[in-house]
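Chemist: Following this line is entry.txt, made up of compact mmCIF, C-alpha atoms:
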# COMPACT_ATOMS: atom_id res chain seq x y z
CA MET S 1264 73.85 127.82 137.18
CA GLN S 1265 72.30 125.10 135.04
CA ASP S 1266 73.89 126.52 131.90
CA ALA S 1267 77.35 126.36 133.51
CA LEU S 1268 76.81 122.71 134.47
CA ASP S 1269 75.47 121.86 131.01
CA GLU S 1270 78.44 123.51 129.31
CA LYS S 1271 80.86 121.68 131.59
CA ILE S 1272 79.27 118.32 130.77
CA VAL S 1273 79.20 118.98 127.01
CA THR S 1274 82.83 120.10 126.99
CA GLU S 1275 84.20 117.36 129.25
CA LYS S 1276 82.25 114.59 127.51
CA GLY S 1277 83.07 115.87 123.99
CA LEU S 1278 79.44 116.43 123.05
CA GLU S 1279 79.83 119.73 121.20
CA GLY S 1280 77.42 120.06 118.28
CA ARG S 1281 75.33 117.05 119.32
CA ASP S 1282 71.56 117.39 119.73
CA LEU S 1283 70.98 116.22 123.30
CA LEU S 1284 67.25 117.02 123.39
CA PRO S 1285 66.09 113.37 123.01
CA GLU S 1286 68.34 112.23 125.86
CA LYS S 1287 67.24 115.13 128.06
CA ILE S 1288 63.57 114.35 127.37
CA LEU S 1289 64.06 110.69 128.27
CA ALA S 1290 66.05 111.65 131.38
CA LEU S 1291 63.22 113.99 132.44
CA GLN S 1292 60.67 111.21 131.96
CA VAL S 1293 62.76 108.83 134.07
CA GLU S 1294 63.10 111.45 136.82
CA LEU S 1295 59.35 112.16 136.73
CA GLY S 1296 58.80 108.44 137.26
CA GLU S 1297 61.22 108.44 140.18
CA LEU S 1298 59.42 111.45 141.65
CA ALA S 1299 56.06 109.70 141.32
CA ASN S 1300 57.56 106.64 143.00
CA GLU S 1301 58.66 108.73 146.00
CA TRP S 1302 55.24 110.43 146.13
CA ARG S 1303 53.54 107.00 146.29
CA GLY S 1304 49.99 108.42 146.04
CA PHE S 1305 49.15 106.44 142.90
CA LYS S 1306 49.97 103.10 144.54
CA PHE S 1307 46.38 102.00 145.19
CA TRP S 1308 47.60 98.45 145.86
CA SER S 1309 49.86 99.49 148.72
CA GLU S 1310 49.03 100.01 152.37
CA ASN S 1311 51.72 102.70 152.43
CA GLN S 1312 50.75 105.61 150.23
CA LYS S 1313 52.54 108.23 152.30
CA PRO S 1314 55.14 110.27 150.43
CA ASN S 1315 58.79 109.55 151.19
CA THR S 1316 59.71 112.95 152.56
CA PHE S 1317 62.72 112.05 154.68
CA TYR S 1318 65.33 109.42 155.17
CA PRO S 1319 67.65 109.01 158.13
CA CYS S 1320 71.07 110.61 158.18
CA LEU S 1321 73.71 108.06 157.23
CA ASP S 1322 76.28 109.51 159.64
CA CYS S 1323 74.21 109.18 162.80
CA GLY S 1324 71.69 106.58 161.69
CA GLY S 1325 68.84 109.01 162.29
CA SER S 1326 69.55 109.57 165.97
CA GLY S 1327 70.98 113.07 165.66
CA HIS S 1328 74.18 112.09 167.43
CA ASN S 1329 76.93 109.52 167.31
CA PHE S 1330 78.82 108.03 170.21
CA ILE S 1331 81.16 110.99 170.65
CA GLU S 1332 79.26 114.16 169.73
CA ASN S 1333 76.13 115.61 168.16
CA CYS S 1334 75.87 114.97 164.42
CA LYS S 1335 77.11 117.88 162.36
CA GLU S 1336 76.09 116.26 159.06
CA CYS S 1337 72.35 116.55 159.76
CA ASP S 1338 72.49 119.43 162.29
CA GLU S 1339 71.29 117.01 164.96
CA THR S 1340 67.93 116.46 163.23
CA GLY S 1341 68.59 112.84 162.29
CA ILE S 1342 67.17 113.59 158.84
CA GLY S 1343 69.47 112.93 155.89
CA GLY S 1344 67.27 114.46 153.22
CA ASN S 1345 63.93 114.50 151.46
CA PRO S 1346 63.83 111.91 148.66
CA MET S 1347 60.70 113.39 147.07
CA LEU S 1348 62.19 116.89 147.00
CA GLU S 1349 65.46 115.52 145.63
CA GLU S 1350 63.63 113.81 142.75
CA PHE S 1351 61.64 116.99 142.11
CA VAL S 1352 64.89 118.94 141.83
CA ASP S 1353 66.39 116.29 139.52
CA CYS S 1354 63.43 116.93 137.22
CA LEU S 1355 63.99 120.67 137.52
CA HIS S 1356 67.62 120.27 136.44
CA PHE S 1357 66.54 118.56 133.22
CA ILE S 1358 63.72 121.02 132.56
CA LEU S 1359 66.16 123.92 132.91
CA SER S 1360 68.70 122.09 130.77
CA ILE S 1361 66.11 121.61 128.02
CA GLY S 1362 65.23 125.31 128.11
CA ASN S 1363 68.89 126.32 127.99
CA GLY S 1364 69.58 123.96 125.10
CA LEU S 1365 66.73 125.45 123.10
CA LYS S 1366 67.72 129.00 124.07
CA ILE S 1367 64.25 129.67 125.43
CA THR S 1368 63.92 132.92 127.31
CA PRO S 1369 63.39 132.63 131.05
CA VAL S 1370 59.85 132.16 132.23
CA SER S 1371 58.25 133.68 135.25
CA VAL S 1372 57.94 131.43 138.24
CA MET S 1373 54.19 131.12 138.06
CA ALA S 1374 52.65 127.90 139.27
CA VAL S 1375 49.86 126.27 137.31
CA LYS S 1376 48.14 123.67 139.42
CA GLY S 1377 45.75 121.06 138.18
CA ASP S 1378 42.37 120.80 139.84
CA HIS S 1379 42.07 117.09 139.13
CA GLY S 1380 44.53 115.62 141.60
CA LEU S 1381 48.20 114.77 141.71
CA THR S 1382 48.03 111.57 139.66
CA SER S 1383 46.38 113.38 136.76
CA HIS S 1384 48.75 116.32 137.08
CA ILE S 1385 51.78 114.04 136.89
CA LEU S 1386 50.27 112.22 133.90
CA ASP S 1387 49.68 115.60 132.24
CA LEU S 1388 53.37 116.43 132.75
CA PHE S 1389 54.39 113.13 131.14
CA GLU S 1390 52.18 113.98 128.17
CA MET S 1391 53.62 117.49 127.92
CA VAL S 1392 57.14 116.05 127.88
CA CYS S 1393 56.19 113.52 125.17
CA LEU S 1394 54.61 116.20 122.97
CA PHE S 1395 57.58 118.49 123.43
CA ARG S 1396 59.74 116.87 120.76
CA GLY S 1397 58.04 118.09 117.60
CA GLY S 1398 57.28 121.43 116.05
CA THR S 1399 58.91 124.76 115.35
CA HIS S 1400 61.00 126.71 117.81
CA GLU S 1401 57.91 128.81 118.63
CA ASP S 1402 55.93 125.63 119.32
CA LYS S 1403 58.69 124.32 121.55
CA GLU S 1404 58.91 127.63 123.40
CA TRP S 1405 55.18 127.64 124.10
CA LYS S 1406 55.25 123.97 125.15
CA TYR S 1407 58.30 124.58 127.34
CA LYS S 1408 56.70 127.47 129.19
CA LYS S 1409 53.57 125.41 129.76
CA LEU S 1410 55.66 122.47 131.01
CA PHE S 1411 57.69 124.72 133.31
CA LYS S 1412 54.66 126.41 134.88
CA ASN S 1413 52.84 123.11 135.38
CA PHE S 1414 55.96 121.57 136.89
CA ILE S 1415 56.27 124.44 139.37
CA GLY S 1416 52.58 123.89 140.10
CA LEU S 1417 53.36 120.26 140.91
CA GLY S 1418 55.93 121.42 143.46
CA ASP S 1419 53.26 123.55 145.08
CA MET S 1420 50.79 120.65 145.03
CA LEU S 1421 53.42 118.45 146.72
CA GLY S 1422 53.80 121.07 149.46
CA PHE S 1423 57.25 122.43 148.61
CA THR S 1424 58.03 126.07 149.20
CA TRP S 1425 60.05 127.99 146.64
CA GLU S 1426 62.77 128.39 149.28
CA GLN S 1427 62.99 124.61 149.74
CA ILE S 1428 63.14 124.07 145.98
CA GLU S 1429 65.79 126.74 145.52
CA GLN S 1430 68.02 125.40 148.31
CA ALA S 1431 67.63 121.81 147.13
CA TYR S 1432 68.52 122.93 143.59
CA TYR S 1433 71.70 124.67 144.82
CA ASP S 1434 72.65 121.60 146.85
CA LYS S 1435 72.08 119.19 143.95
CA ASN S 1436 73.88 121.49 141.49
CA LYS S 1437 76.92 121.35 143.75
CA VAL S 1438 76.69 117.54 143.90
CA ASN S 1439 76.39 117.37 140.10
CA HIS S 1440 79.54 119.47 139.67
CA GLU S 1441 81.38 117.22 142.15
CA ARG S 1442 80.20 114.15 140.25
CA GLN S 1443 81.64 115.55 137.03
CA GLN S 1444 84.97 116.16 138.76
CA ASN S 1445 84.97 112.57 140.04
CA GLY S 1446 84.25 110.96 136.68
CA TYR S 1447 80.54 110.21 137.19
How does the structure come out when it is put into C-alpha cells?

Modeler:
Amino acid sequence: MQDALDEKIVTEKGLEGRDLLPEKILALQVELGELANEWRGFKFWSENQKPNTFYPCLDCGGSGHNFIENCKECDETGIGGNPMLEEFVDCLHFILSIGNGLKITPVSVMAVKGDHGLTSHILDLFEMVCLFRGGTHEDKEWKYKKLFKNFIGLGDMLGFTWEQIEQAYYDKNKVNHERQQNGY
C-alpha cells in the first residue's frame, strides 16, 4: 500500500529519478517530534503529562449526537480520533516509504522495546534516524531493520495493539490518497 502511494506521489509531482531519502528522513524526524508532543511524557515542566489519546468528534462536538440524530461520524462515541496514534502512523508511513525507496526486503513485525523508559526510547529512535543516512546498502538495510523493530516496540510501549496500528494505517493511507487527488 505504501509503495502505491509513494509511486503516485513521485509520478504526480514529477520526482522520477530524484533521491528523496533526505526529505523522508527529515519528515520522519518531524513526525517523531509530533508524536513525542502528543505523548507529553517528557514535559517535566507541565502539570499535564497525560498522552493525548483522543479528541472530540467535530461533527457532534464530542456528545455522540447532534440535534437531529445520533452521530454517524464517530459511531456515537463522541471521539473523533487518537492524535497520538495518528502521529505514530504518520511516522510509520515514512519508515515504510524509506524502506521501499531503498528496496529493503520486508522485516518481521517483531517489537524491540527499550528497558530505559519512553523518553530514552524516543531519543534512541531519533539517533537511529540520524545515523541512517550514511553507509553501504547493507549498512542501511541493517539500520533500517533495527529502526523498524524499535519503532514497532515504541508502539507497544505506548499501548497500541497491532490491530489499532493496522487500522489507523489503512485510514491514513486513504486520507493521503485523497489529499493527492485534491492537490495537497

Chemist: Nearest to Phe1411 (chain S): which of S:Ser1383, S:Asp1322, S:Tyr1447, S:Ile1361 is it, counting only C-alpha atoms?

Modeler: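 Ranking S:Ser1383, S:Asp1322, S:Tyr1447, S:Ile1361 by distance to Phe1411 (chain S), first place goes to S:Ile1361.
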
Chemist: Would you please work out which residue, of S:Asn1436, S:Gln1444, S:Gln1265, S:Gln1427, is nearest to Leu1348 (chain S) when using only C-alpha atoms?

Modeler: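 The shortest atom-to-atom distance to Leu1348 (chain S) comes from S:Gln1427.
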
Chemist: So which residues fall inside 10 Å of (54.8, 123.5, 131.3) if we count all atoms listed in the file? Mind giving them as a list in words?

Modeler: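 The residues that fall inside the cut-off are Ile1358, Ala1374, Val1375, Asp1387, Leu1388, Met1391, Val1392, Phe1395, Glu1404, Trp1405, Lys1406, Tyr1407, Lys1408, Lys1409, Leu1410, Phe1411, Lys1412, Asn1413, Phe1414, Ile1415 and Gly1416 of chain S.
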
Chemist: May I ask which of the residues S:Met1264, S:Ile1272, S:Trp1308, S:Lys1403 is the closest one to Glu1429 (chain S), counting all atoms listed in the file?

Modeler: S:Met1264

Chemist: Could you tell me which of S:Asn1315, S:Thr1368, S:Glu1401, S:Trp1302 comes closest to Met1420 (chain S) if we count only C-alpha atoms?

Modeler: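 Result for the nearest residue to Met1420 (chain S): S:Trp1302.
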
Chemist: Report as a list in words all protein, DNA and RNA residues lying within 12 Å of Ala1267 (chain S), evaluated on all atoms listed in the file, omitting residues in the same chain fewer than 6 positions from it.

Modeler: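 In the requested form, the answer reads Val1273, Thr1274, His1356, Leu1359, Ser1360, Asn1363, Gly1364, Asn1436, Lys1437, Asn1439 and His1440 of chain S.
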
Chemist: Nearest to Glu1349 (chain S): which of S:Phe1317, S:Ala1290, S:Asn1311, S:Arg1303 is it, counting only C-alpha atoms?

Modeler: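 The closest residue to Glu1349 (chain S) is S:Phe1317.
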
Chemist: Under the rule that all atoms listed in the file are counted, which of S:Asp1338, S:Leu1355, S:Cys1320, S:Lys1271 is the nearest residue to Lys1287 (chain S)?

Modeler: S:Leu1355

Chemist: Measure the distance from CA of Val1438 (chain S) to CA of Glu1270 (chain S) in Å and round it to one decimal.

Modeler: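 Value for the CA of Val1438 (chain S)-CA of Glu1270 (chain S) distance: 15.9 Å.
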
Chemist: So the first atom is CA of Lys1335 (chain S) and the second is CA of Asp1434 (chain S); what is the distance between them in Å, to one decimal place?

Modeler: 16.6 Å

Chemist: Give the centre and edge lengths of an axis-aligned box, in Å to one decimal, that holds all listed atoms of region 1419-1430 of chain S with 3 Å on each side, as JSON.

Modeler:
{"center_x": 59.4, "center_y": 123.4, "center_z": 147.4, "size_x": 23.2, "size_y": 15.9, "size_z": 10.7}

Chemist: Report, in Å with one decimal, the straight-line distance from CA of Thr1382 (chain S) to CA of Phe1305 (chain S).

Modeler: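 Computing it gives 6.2 Å between the two atoms.
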